[in-house]
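Dumped upload_23.txt below, it's compact mmCIF, C-alpha atoms and all ligand atoms:
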# COMPACT_ATOMS: atom_id res chain seq x y z
CA MET A 1353 -32.97 -25.46 -16.18
CA ARG A 1354 -29.66 -27.08 -17.12
CA ARG A 1355 -29.22 -24.54 -19.88
CA GLY A 1356 -30.09 -21.85 -17.37
CA VAL A 1357 -27.41 -23.03 -14.99
CA ALA A 1358 -24.90 -23.01 -17.84
CA ILE A 1359 -25.74 -19.41 -18.71
CA PHE A 1360 -25.54 -18.55 -15.04
CA LEU A 1361 -22.11 -20.13 -14.71
CA VAL A 1362 -20.78 -18.43 -17.83
CA THR A 1363 -22.04 -15.05 -16.64
CA THR A 1364 -20.47 -15.68 -13.26
CA ILE A 1365 -17.15 -16.58 -14.81
CA VAL A 1366 -17.18 -13.47 -17.00
CA VAL A 1367 -18.03 -11.20 -14.07
CA LEU A 1368 -15.46 -12.88 -11.83
CA SER A 1369 -12.73 -12.65 -14.48
CA PHE A 1370 -13.49 -8.97 -14.85
CA ALA A 1371 -13.30 -8.46 -11.08
CA VAL A 1372 -10.11 -10.52 -10.72
CA HIS A 1373 -8.49 -8.65 -13.60
CA HIS A 1374 -9.25 -5.41 -11.82
CA VAL A 1375 -7.60 -6.40 -8.55
CA TRP A 1376 -4.90 -8.60 -10.10
CA THR A 1377 -1.99 -6.51 -8.81
CA LEU A 1378 -3.41 -6.68 -5.29
CA LEU A 1379 -3.73 -10.45 -5.55
CA GLU A 1380 -0.16 -10.68 -6.84
CA LEU A 1381 1.03 -8.65 -3.88
CA LEU A 1382 -0.35 -11.35 -1.58
CA VAL A 1383 2.03 -13.93 -3.00
CA ILE A 1384 5.05 -11.85 -3.99
CA ASP A 1385 7.56 -11.63 -1.19
CA GLY A 1386 10.39 -9.71 -2.88
CA LYS A 1387 12.96 -12.27 -1.65
CA GLU A 1388 14.91 -12.08 -4.91
CA ASP A 1389 15.63 -8.42 -4.12
CA ALA A 1390 16.32 -8.93 -0.42
CA ILE A 1391 19.18 -7.11 1.23
CA LEU A 1392 20.56 -10.21 2.90
CA ARG A 1393 21.93 -10.06 6.37
CA ALA A 1394 25.00 -11.91 5.09
CA GLU A 1395 25.89 -8.99 2.82
CA LEU A 1396 25.52 -6.40 5.59
CA PRO A 1397 28.57 -5.60 7.69
CA ALA A 1398 27.96 -5.88 11.44
CA PRO A 1399 27.26 -2.60 13.26
CA ASP A 1400 30.51 -0.63 13.70
CA SER A 1401 32.46 -3.03 11.48
CA ALA A 1402 35.35 -1.55 9.48
CA ALA A 1403 33.93 -3.26 6.39
CA ILE A 1404 31.23 -0.58 6.21
CA SER A 1405 33.58 2.08 4.88
CA GLU A 1406 34.77 -0.21 2.08
CA ARG A 1407 31.34 -0.38 0.49
CA PRO A 1408 30.26 1.96 -2.30
CA GLN A 1409 28.24 4.94 -1.10
CA LEU A 1410 25.74 5.65 -3.81
CA ILE A 1411 22.97 7.27 -1.81
CA PRO A 1412 23.78 10.82 -0.66
CA LYS A 1413 24.11 11.29 3.10
CA ILE A 1414 20.84 13.10 3.74
CA ILE A 1415 18.12 12.18 6.24
CA HIS A 1416 14.62 13.42 5.38
CA GLN A 1417 11.73 13.56 7.84
CA THR A 1418 8.32 15.25 7.76
CA TYR A 1419 6.15 16.98 10.31
CA ILE A 1420 3.53 19.77 10.37
CA ASN A 1421 6.02 22.30 11.73
CA GLU A 1422 9.26 22.45 13.70
CA SER A 1423 7.59 21.55 17.03
CA ILE A 1424 8.14 17.79 17.07
CA PRO A 1425 5.91 16.13 19.75
CA ALA A 1426 7.85 15.00 22.83
CA HIS A 1427 7.31 11.27 22.16
CA TRP A 1428 9.08 11.53 18.80
CA VAL A 1429 12.03 13.65 19.90
CA GLY A 1430 13.85 10.54 21.18
CA PRO A 1431 13.65 8.61 17.88
CA GLN A 1432 14.44 11.77 15.90
CA GLN A 1433 17.53 12.53 18.00
CA SER A 1434 18.74 8.92 17.77
CA CYS A 1435 18.88 9.26 13.99
CA ILE A 1436 20.55 12.68 14.07
CA GLU A 1437 23.16 11.60 16.64
CA LYS A 1438 24.10 8.39 14.82
CA HIS A 1439 24.69 10.35 11.60
CA PRO A 1440 26.82 13.41 12.38
CA ASP A 1441 28.11 13.49 8.80
CA TYR A 1442 24.61 13.49 7.26
CA GLU A 1443 22.60 16.51 6.27
CA TYR A 1444 19.27 16.62 8.13
CA LYS A 1445 16.12 17.96 6.40
CA LEU A 1446 12.81 18.31 8.22
CA TRP A 1447 10.01 18.83 5.70
CA THR A 1448 7.38 20.95 7.43
CA ASP A 1449 4.05 21.65 5.71
CA ARG A 1450 5.27 25.08 4.64
CA LYS A 1451 8.63 23.88 3.32
CA SER A 1452 6.99 20.95 1.53
CA ARG A 1453 4.58 23.18 -0.34
CA GLU A 1454 7.32 25.64 -1.29
CA PHE A 1455 9.46 22.79 -2.55
CA ILE A 1456 6.68 21.31 -4.72
CA ALA A 1457 5.77 24.76 -6.06
CA ALA A 1458 9.39 25.47 -6.99
CA GLU A 1459 10.57 22.07 -8.28
CA TYR A 1460 7.47 20.12 -9.33
CA PRO A 1461 4.83 22.74 -10.19
CA TRP A 1462 2.89 20.21 -12.31
CA PHE A 1463 2.03 18.44 -9.06
CA LEU A 1464 0.99 21.46 -6.98
CA GLU A 1465 -2.70 21.27 -7.80
CA THR A 1466 -2.92 17.60 -6.79
CA PHE A 1467 -0.78 18.27 -3.71
CA ASP A 1468 -2.99 21.14 -2.53
CA GLY A 1469 -6.15 19.21 -3.35
CA TYR A 1470 -5.48 16.19 -1.13
CA PRO A 1471 -8.26 16.00 1.47
CA TYR A 1472 -6.01 14.49 4.18
CA PRO A 1473 -2.74 16.10 5.36
CA ILE A 1474 -1.13 12.64 5.64
CA GLN A 1475 -1.44 12.35 1.85
CA ARG A 1476 0.84 15.37 1.48
CA ALA A 1477 3.21 13.84 4.06
CA ASP A 1478 3.23 10.63 1.98
CA ALA A 1479 3.72 12.37 -1.34
CA ILE A 1480 6.48 14.76 -0.27
CA ARG A 1481 8.78 11.90 0.72
CA TYR A 1482 8.74 10.46 -2.83
CA PHE A 1483 9.50 13.89 -4.29
CA VAL A 1484 12.42 14.70 -1.98
CA LEU A 1485 13.94 11.26 -2.59
CA HIS A 1486 13.55 11.77 -6.32
CA HIS A 1487 15.05 15.26 -6.18
CA PHE A 1488 17.83 15.05 -3.56
CA GLY A 1489 18.15 11.34 -2.92
CA GLY A 1490 18.92 10.28 0.64
CA ILE A 1491 17.08 8.30 3.27
CA TYR A 1492 13.55 9.08 4.37
CA ILE A 1493 12.61 8.02 7.93
CA ASP A 1494 9.23 8.35 9.65
CA LEU A 1495 9.38 10.22 12.93
CA ASP A 1496 8.25 7.15 14.86
CA ASP A 1497 11.30 5.23 13.65
CA GLY A 1498 14.47 5.66 15.64
CA CYS A 1499 17.92 4.62 14.38
CA ASN A 1500 19.49 1.58 16.02
CA ARG A 1501 22.83 1.84 14.15
CA SER A 1502 24.45 3.83 11.36
CA LEU A 1503 22.59 3.56 8.05
CA ASP A 1504 25.87 3.70 6.08
CA PRO A 1505 25.62 0.09 4.80
CA LEU A 1506 22.32 0.95 3.16
CA LEU A 1507 23.96 3.70 1.08
CA ALA A 1508 25.42 0.93 -1.09
CA TYR A 1509 22.13 0.25 -2.92
CA PRO A 1510 20.70 2.62 -5.52
CA ALA A 1511 17.23 2.27 -3.99
CA TRP A 1512 15.65 0.30 -1.18
CA VAL A 1513 12.33 0.06 0.57
CA ARG A 1514 11.07 -2.01 3.45
CA LYS A 1515 8.91 -5.14 3.26
CA THR A 1516 5.82 -5.36 5.41
CA ASN A 1517 3.94 -8.44 6.58
CA PRO A 1518 1.87 -10.00 5.22
CA THR A 1519 1.94 -8.09 1.96
CA GLY A 1520 3.57 -5.24 0.11
CA ILE A 1521 6.09 -2.60 1.10
CA SER A 1522 5.98 0.37 3.44
CA ASN A 1523 6.92 3.98 2.86
CA ASP A 1524 8.17 4.69 6.38
CA ALA A 1525 11.85 4.04 5.72
CA MET A 1526 13.26 4.26 2.18
CA GLY A 1527 16.51 5.20 0.53
CA SER A 1528 17.41 6.28 -2.98
CA VAL A 1529 19.90 7.99 -5.23
CA PRO A 1530 18.54 11.16 -6.88
CA ARG A 1531 16.38 10.56 -9.99
CA HIS A 1532 16.02 6.86 -9.44
CA LYS A 1533 13.51 5.38 -11.89
CA PHE A 1534 11.42 3.80 -9.16
CA PHE A 1535 10.84 7.11 -7.41
CA LEU A 1536 10.26 8.76 -10.76
CA ASN A 1537 7.43 6.24 -11.20
CA ALA A 1538 6.24 6.89 -7.66
CA ILE A 1539 5.84 10.64 -8.25
CA ASP A 1540 4.63 10.30 -11.82
CA ARG A 1541 1.62 8.10 -11.06
CA LEU A 1542 0.35 10.05 -8.04
CA PRO A 1543 -2.21 12.13 -10.01
CA ASP A 1544 -3.69 8.95 -11.58
CA TYR A 1545 -4.20 7.35 -8.20
CA ASN A 1546 -5.71 10.43 -6.58
CA ARG A 1547 -9.14 8.93 -5.95
CA ARG A 1548 -11.48 8.95 -3.02
CA TRP A 1549 -12.57 5.66 -1.46
CA PRO A 1550 -15.39 5.10 1.05
CA LEU A 1551 -13.07 5.04 4.07
CA PRO A 1552 -10.38 7.68 4.73
CA TYR A 1553 -7.89 4.94 5.58
CA ILE A 1554 -8.34 3.27 2.20
CA THR A 1555 -8.18 6.62 0.41
CA VAL A 1556 -4.86 7.44 2.07
CA MET A 1557 -3.37 3.94 1.64
CA ALA A 1558 -4.36 3.62 -2.01
CA SER A 1559 -3.75 7.16 -3.25
CA THR A 1560 -0.37 7.99 -1.66
CA GLY A 1561 0.43 5.52 1.13
CA PRO A 1562 2.01 2.06 1.39
CA LEU A 1563 -0.64 0.38 -0.76
CA TYR A 1564 -0.05 2.93 -3.53
CA LEU A 1565 3.71 2.42 -3.33
CA SER A 1566 3.28 -1.37 -3.28
CA VAL A 1567 1.20 -1.28 -6.48
CA ILE A 1568 3.79 0.97 -8.16
CA TRP A 1569 6.54 -1.38 -6.96
CA ARG A 1570 4.76 -4.40 -8.43
CA HIS A 1571 4.22 -2.69 -11.80
CA TYR A 1572 7.82 -1.50 -11.81
CA ASN A 1573 9.28 -4.95 -11.13
CA LYS A 1574 7.24 -6.48 -13.93
CA LEU A 1575 9.42 -4.48 -16.33
CA ARG A 1576 12.46 -6.38 -15.01
CA PRO A 1577 14.63 -3.39 -14.16
CA GLN A 1578 18.39 -3.40 -14.83
CA GLU A 1579 20.73 -3.95 -11.89
CA GLU A 1580 21.19 -0.21 -11.13
CA ASP A 1581 17.43 0.35 -11.35
CA ARG A 1582 16.53 -2.50 -9.03
CA VAL A 1583 14.72 -1.73 -5.80
CA ARG A 1584 16.24 -3.72 -2.96
CA ILE A 1585 14.15 -4.88 -0.05
CA LEU A 1586 14.86 -4.56 3.65
CA PHE A 1587 13.16 -7.41 5.48
CA PRO A 1588 11.58 -7.14 8.95
CA ALA A 1589 14.54 -8.68 10.80
CA GLU A 1590 16.90 -6.05 9.35
CA TYR A 1591 14.36 -3.28 9.98
CA ASN A 1592 13.48 -3.69 13.64
CA GLY A 1593 13.93 -5.79 16.76
CA ASN A 1594 17.46 -7.22 16.52
CA THR A 1595 20.93 -5.96 17.44
CA TRP A 1596 21.78 -5.82 13.71
CA SER A 1597 18.49 -4.09 12.74
CA PHE A 1598 18.75 -0.54 11.41
CA PHE A 1599 15.68 0.94 13.07
CA THR A 1600 13.73 0.83 16.30
CA HIS A 1601 10.05 1.22 15.71
CA HIS A 1602 8.14 3.37 18.22
CA LEU A 1603 4.38 3.33 18.49
CA GLY A 1604 2.43 6.42 17.65
CA ASN A 1605 0.81 6.56 14.26
CA SER A 1606 -0.74 9.99 14.47
CA TRP A 1607 -3.44 9.55 11.88
CA HIS A 1608 -4.94 6.15 12.60
CA ASN A 1609 -8.68 6.32 13.11
CA ASN A 1610 -11.58 4.02 13.78
CA ASP A 1611 -11.67 2.81 10.21
CA VAL A 1612 -8.18 1.42 10.77
CA LYS A 1613 -9.58 -0.93 13.39
CA LEU A 1614 -12.16 -2.05 10.85
CA ILE A 1615 -9.48 -2.64 8.21
CA PHE A 1616 -7.27 -4.57 10.62
CA TRP A 1617 -10.26 -6.62 11.68
CA MET A 1618 -11.05 -7.30 8.03
CA ALA A 1619 -7.44 -8.21 7.33
CA SER A 1620 -7.43 -10.79 10.10
CA HIS A 1621 -10.78 -12.26 8.94
CA TRP A 1622 -10.12 -12.13 5.23
CA ILE A 1623 -10.92 -15.79 4.52
CA ILE A 1624 -14.44 -15.67 5.95
CA LEU A 1625 -15.01 -12.26 4.34
CA THR A 1626 -13.93 -13.61 0.96
CA VAL A 1627 -16.31 -16.56 1.31
CA ILE A 1628 -19.15 -14.21 2.29
CA GLY A 1629 -18.26 -11.90 -0.60
CA PHE A 1630 -18.36 -14.71 -3.14
CA THR A 1631 -21.62 -16.11 -1.71
CA VAL A 1632 -23.33 -12.73 -1.79
CA GLY A 1633 -21.94 -12.04 -5.26
CA LEU A 1634 -23.21 -15.38 -6.61
CA ALA A 1635 -26.61 -14.83 -5.00
CA VAL A 1636 -26.89 -11.38 -6.58
CA LEU A 1637 -25.91 -12.76 -9.98
CA TRP A 1638 -28.45 -15.54 -9.59
CA CYS A 1639 -31.15 -13.00 -8.72
CA ILE A 1640 -30.29 -10.90 -11.74
CA TYR A 1641 -30.26 -13.95 -13.94
CA SER A 1642 -33.57 -15.31 -12.67
CA THR A 1643 -35.21 -11.91 -12.88
CA PHE A 1644 -34.23 -11.17 -16.44
CA VAL A 1645 -33.84 -14.58 -18.06
CA VAL A 1646 -36.01 -17.10 -16.23
CA ALA A 1647 -38.83 -14.65 -15.60
CA ARG A 1648 -39.15 -13.93 -19.28
CA GLN A 1649 -39.28 -17.62 -20.14
CA THR A 1650 -41.71 -18.71 -17.45
CA ASN A 1651 -43.76 -15.66 -16.71
CA GLY A 1652 -42.36 -15.92 -13.23
CA SER A 1653 -41.62 -12.76 -11.37
CA LYS A 1654 -38.68 -11.14 -9.64
CA CYS A 1655 -35.95 -12.90 -7.78
CA LYS A 1656 -37.23 -15.73 -5.62
CA TYR A 1657 -35.10 -17.29 -2.95
CA THR A 1658 -36.60 -20.70 -3.72
CA ARG A 1659 -35.00 -20.55 -7.14
CA LEU A 1660 -31.52 -20.56 -5.67
CA PRO A 1661 -30.14 -24.02 -6.45
CA PHE A 1662 -28.14 -24.04 -3.21
CA TYR A 1663 -31.18 -23.16 -1.19
CA ARG A 1664 -33.29 -25.89 -2.79
CA ARG A 1665 -30.86 -28.52 -1.84
CA ILE A 1666 -30.65 -27.49 1.78
CA SER A 1667 -34.31 -26.85 2.49
CA THR A 1668 -36.58 -29.80 2.93
CA LYS A 1669 -39.85 -27.92 2.90
CA ASP A 1670 -40.87 -25.09 0.66
CA ILE A 1671 -40.94 -22.39 3.24
CA GLU A 1672 -43.14 -19.46 2.34
CA LEU A 1673 -40.25 -17.25 1.52
CA ASP A 1674 -41.88 -16.22 -1.75
CA ASP A 1675 -44.74 -14.57 -0.01
CA ARG A 1676 -42.61 -12.82 2.51
CA HIS A 1677 -40.37 -11.60 -0.24
CA GLU A 1678 -43.24 -10.12 -2.17
CA VAL A 1679 -44.50 -8.04 0.75
C1 LIG A 1701 2.88 23.06 15.31
O1 LIG A 1701 1.74 22.28 15.05
C2 LIG A 1701 1.07 21.82 16.22
C3 LIG A 1701 -0.03 20.85 15.79
O2 LIG A 1701 -0.88 21.43 14.88
C4 LIG A 1701 0.54 23.02 16.98
O3 LIG A 1701 -0.11 22.58 18.17
C5 LIG A 1701 1.71 23.93 17.34
O4 LIG A 1701 1.23 25.10 17.96
C6 LIG A 1701 2.49 24.31 16.08
N1 LIG A 1701 3.71 25.02 16.48
C7 LIG A 1701 4.12 26.14 15.89
C8 LIG A 1701 5.41 26.71 16.37
O5 LIG A 1701 3.48 26.67 14.99
Is it possible to express this structure as structure tokens?
Amino acid sequence: MRRGVAIFLVTTIVVLSFAVHHVWTLLELLVIDGKEDAILRAELPAPDSAAISERPQLIPKIIHQTYINESIPAHWVGPQQSCIEKHPDYEYKLWTDRKSREFIAAEYPWFLETFDGYPYPIQRADAIRYFVLHHFGGIYIDLDDGCNRSLDPLLAYPAWVRKTNPTGISNDAMGSVPRHKFFLNAIDRLPDYNRRWPLPYITVMASTGPLYLSVIWRHYNKLRPQEEDRVRILFPAEYNGNTWSFFTHHLGNSWHNNDVKLIFWMASHWIILTVIGFTVGLAVLWCIYSTFVVARQTNGSKCKYTRLPFYRRISTKDIELDDRHEV
């Protein structure tokens, strides 16, 4: 049996290594905070300070937003207007479904098939923002984000995105110069990541949404980009909730469904779920092992719970699990 346990452990390690290798970037995202790329509050002029105009303005003064059509719902008109009014010298572009498709067809025809094929409209709304930032540059803002102050200080960085807690970056407020390498990556990899997952929320997050962008961001930073290619990070305190923050976040995510509640529940119970996952995984491996290896050596049959080493140790009596299992 000792040899059996050794084989079992080796198999487990191989399978686990394979699994960990597969999700390595996701695991890295849990520990990477992006602090080395932070846009520090100390380097940001106070709202309305004269120092703002002395900073370089690399990003073009364009605000991009997306919606189905021109009829913005009443609850988003306030945030939308706050951004327009605080930026009278900026061009304002609202990317409706029709305009977005025309733009992709005209400027990025290689992407049109993927764009049209997305099962969820929010995937098109995610994708279009990377393309317009790559093409025109400017600042993309979700409609549920209002502007708390002028975004001028953020024009000084070639590209920036916003950090989310506890992991990764968001795609709801981002700025870039045209043709920045990060957004080139973000548009380039979209077809590769166009996969369907069991839940719509995961499909959207991983194919075009914040999770997709976070994975691209992680891969991009591994290549140690030059100073002008660096992606700077806006942290939560500079994003929302303080007098010096740039945005005011309004509730109203239009596409969140029931599976979101499940995901959020899973996120807040991830430790117990990980333990359960490992336990179930080990049990399955043990079953496979005892079915194919032990059974051949001992003429035993199938996976028996009583063979589980963990179970043996806990149980005092040999409960008739075998029989029940065979039924
Ligand atoms: C815009 O889209 C909304 C939501 O689908 C719809 O209710 C509304 O009628 C549309 N407005 C126009 C002008 O097409």
Given 7 Å and only C-alpha atoms and all ligand atoms, residues near ligand LIG 1701 (chain A) as a ChimeraX atom specification: /A:1420-1423
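Proximity of A:Arg1501, A:Arg1355, A:Arg1570, A:Arg1531 to Glu1437 (chain A), computed with only C-alpha atoms, is greatest for A:Arg1501.
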Ile1539 (chain A) environment, 12 Å, all atoms listed in the file, sequence neighbours closer than 6 positions dropped, as a ChimeraX atom specification: /A:1456,1460,1462-1464,1466-1467,1476,1478-1487,1531-1533,1545-1546,1559-1561,1564-1565,1568
Write out, as a CSV table (one decimal), in the frame of the given file, the residues just selected, with C-alpha atoms.
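out_7.csv was written with the following content:
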chain,number,residue,atom,x,y,z
A,1456,ILE,CA,6.7,21.3,-4.7
A,1460,TYR,CA,7.5,20.1,-9.3
A,1462,TRP,CA,2.9,20.2,-12.3
A,1463,PHE,CA,2.0,18.4,-9.1
A,1464,LEU,CA,1.0,21.5,-7.0
A,1466,THR,CA,-2.9,17.6,-6.8
A,1467,PHE,CA,-0.8,18.3,-3.7
A,1476,ARG,CA,0.8,15.4,1.5
A,1478,ASP,CA,3.2,10.6,2.0
A,1479,ALA,CA,3.7,12.4,-1.3
A,1480,ILE,CA,6.5,14.8,-0.3
A,1481,ARG,CA,8.8,11.9,0.7
A,1482,TYR,CA,8.7,10.5,-2.8
A,1483,PHE,CA,9.5,13.9,-4.3
A,1484,VAL,CA,12.4,14.7,-2.0
A,1485,LEU,CA,13.9,11.3,-2.6
A,1486,HIS,CA,13.6,11.8,-6.3
A,1487,HIS,CA,15.0,15.3,-6.2
A,1531,ARG,CA,16.4,10.6,-10.0
A,1532,HIS,CA,16.0,6.9,-9.4
A,1533,LYS,CA,13.5,5.4,-11.9
A,1545,TYR,CA,-4.2,7.4,-8.2
A,1546,ASN,CA,-5.7,10.4,-6.6
A,1559,SER,CA,-3.8,7.2,-3.2
A,1560,THR,CA,-0.4,8.0,-1.7
A,1561,GLY,CA,0.4,5.5,1.1
A,1564,TYR,CA,0.0,2.9,-3.5
A,1565,LEU,CA,3.7,2.4,-3.3
A,1568,ILE,CA,3.8,1.0,-8.2
Length of the CA of Gly1386 (chain A) to CA of Ser1597 (chain A) vector [Å]: 18.5 Å
Show me, as JSON lines, the residues of region 1369-1461 of chain A having an atom within 8 Å of region 1503-1527 of chain A, each with the closest atom pair and its distance in Å, using all atoms listed in the file.
{"residue": "A:Leu1381", "atom": "CA", "partner": "A:Gly1520", "partner_atom": "CA", "distance": 5.8}
{"residue": "A:Leu1382", "atom": "CA", "partner": "A:Thr1519", "partner_atom": "CA", "distance": 5.3}
{"residue": "A:Val1383", "atom": "CA", "partner": "A:Thr1519", "partner_atom": "CA", "distance": 7.7}
{"residue": "A:Ile1384", "atom": "CA", "partner": "A:Thr1519", "partner_atom": "CA", "distance": 7.7}
{"residue": "A:Asp1385", "atom": "CA", "partner": "A:Thr1519", "partner_atom": "CA", "distance": 7.4}
{"residue": "A:Gly1386", "atom": "CA", "partner": "A:Lys1515", "partner_atom": "CA", "distance": 7.8}
{"residue": "A:Leu1396", "atom": "CA", "partner": "A:Pro1505", "partner_atom": "CA", "distance": 6.5}
{"residue": "A:Pro1397", "atom": "CA", "partner": "A:Pro1505", "partner_atom": "CA", "distance": 7.0}
{"residue": "A:Ile1404", "atom": "CA", "partner": "A:Pro1505", "partner_atom": "CA", "distance": 5.8}
{"residue": "A:Ser1405", "atom": "CA", "partner": "A:Asp1504", "partner_atom": "CA", "distance": 8.0}
{"residue": "A:Arg1407", "atom": "CA", "partner": "A:Ala1508", "partner_atom": "CA", "distance": 6.3}
{"residue": "A:Pro1408", "atom": "CA", "partner": "A:Ala1508", "partner_atom": "CA", "distance": 5.1}
{"residue": "A:Gln1409", "atom": "CA", "partner": "A:Ala1508", "partner_atom": "CA", "distance": 4.9}
{"residue": "A:Leu1410", "atom": "CA", "partner": "A:Ala1508", "partner_atom": "CA", "distance": 5.5}
{"residue": "A:Ile1411", "atom": "CA", "partner": "A:Leu1507", "partner_atom": "CA", "distance": 4.7}
{"residue": "A:Pro1412", "atom": "CA", "partner": "A:Leu1507", "partner_atom": "CA", "distance": 7.3}
{"residue": "A:Lys1413", "atom": "CA", "partner": "A:Leu1507", "partner_atom": "CA", "distance": 7.9}
{"residue": "A:His1439", "atom": "CA", "partner": "A:Leu1503", "partner_atom": "CA", "distance": 7.9}
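A straight line drawn from CA of Arg1354 (chain A) to CA of Thr1631 (chain A) is 20.6 Å long.
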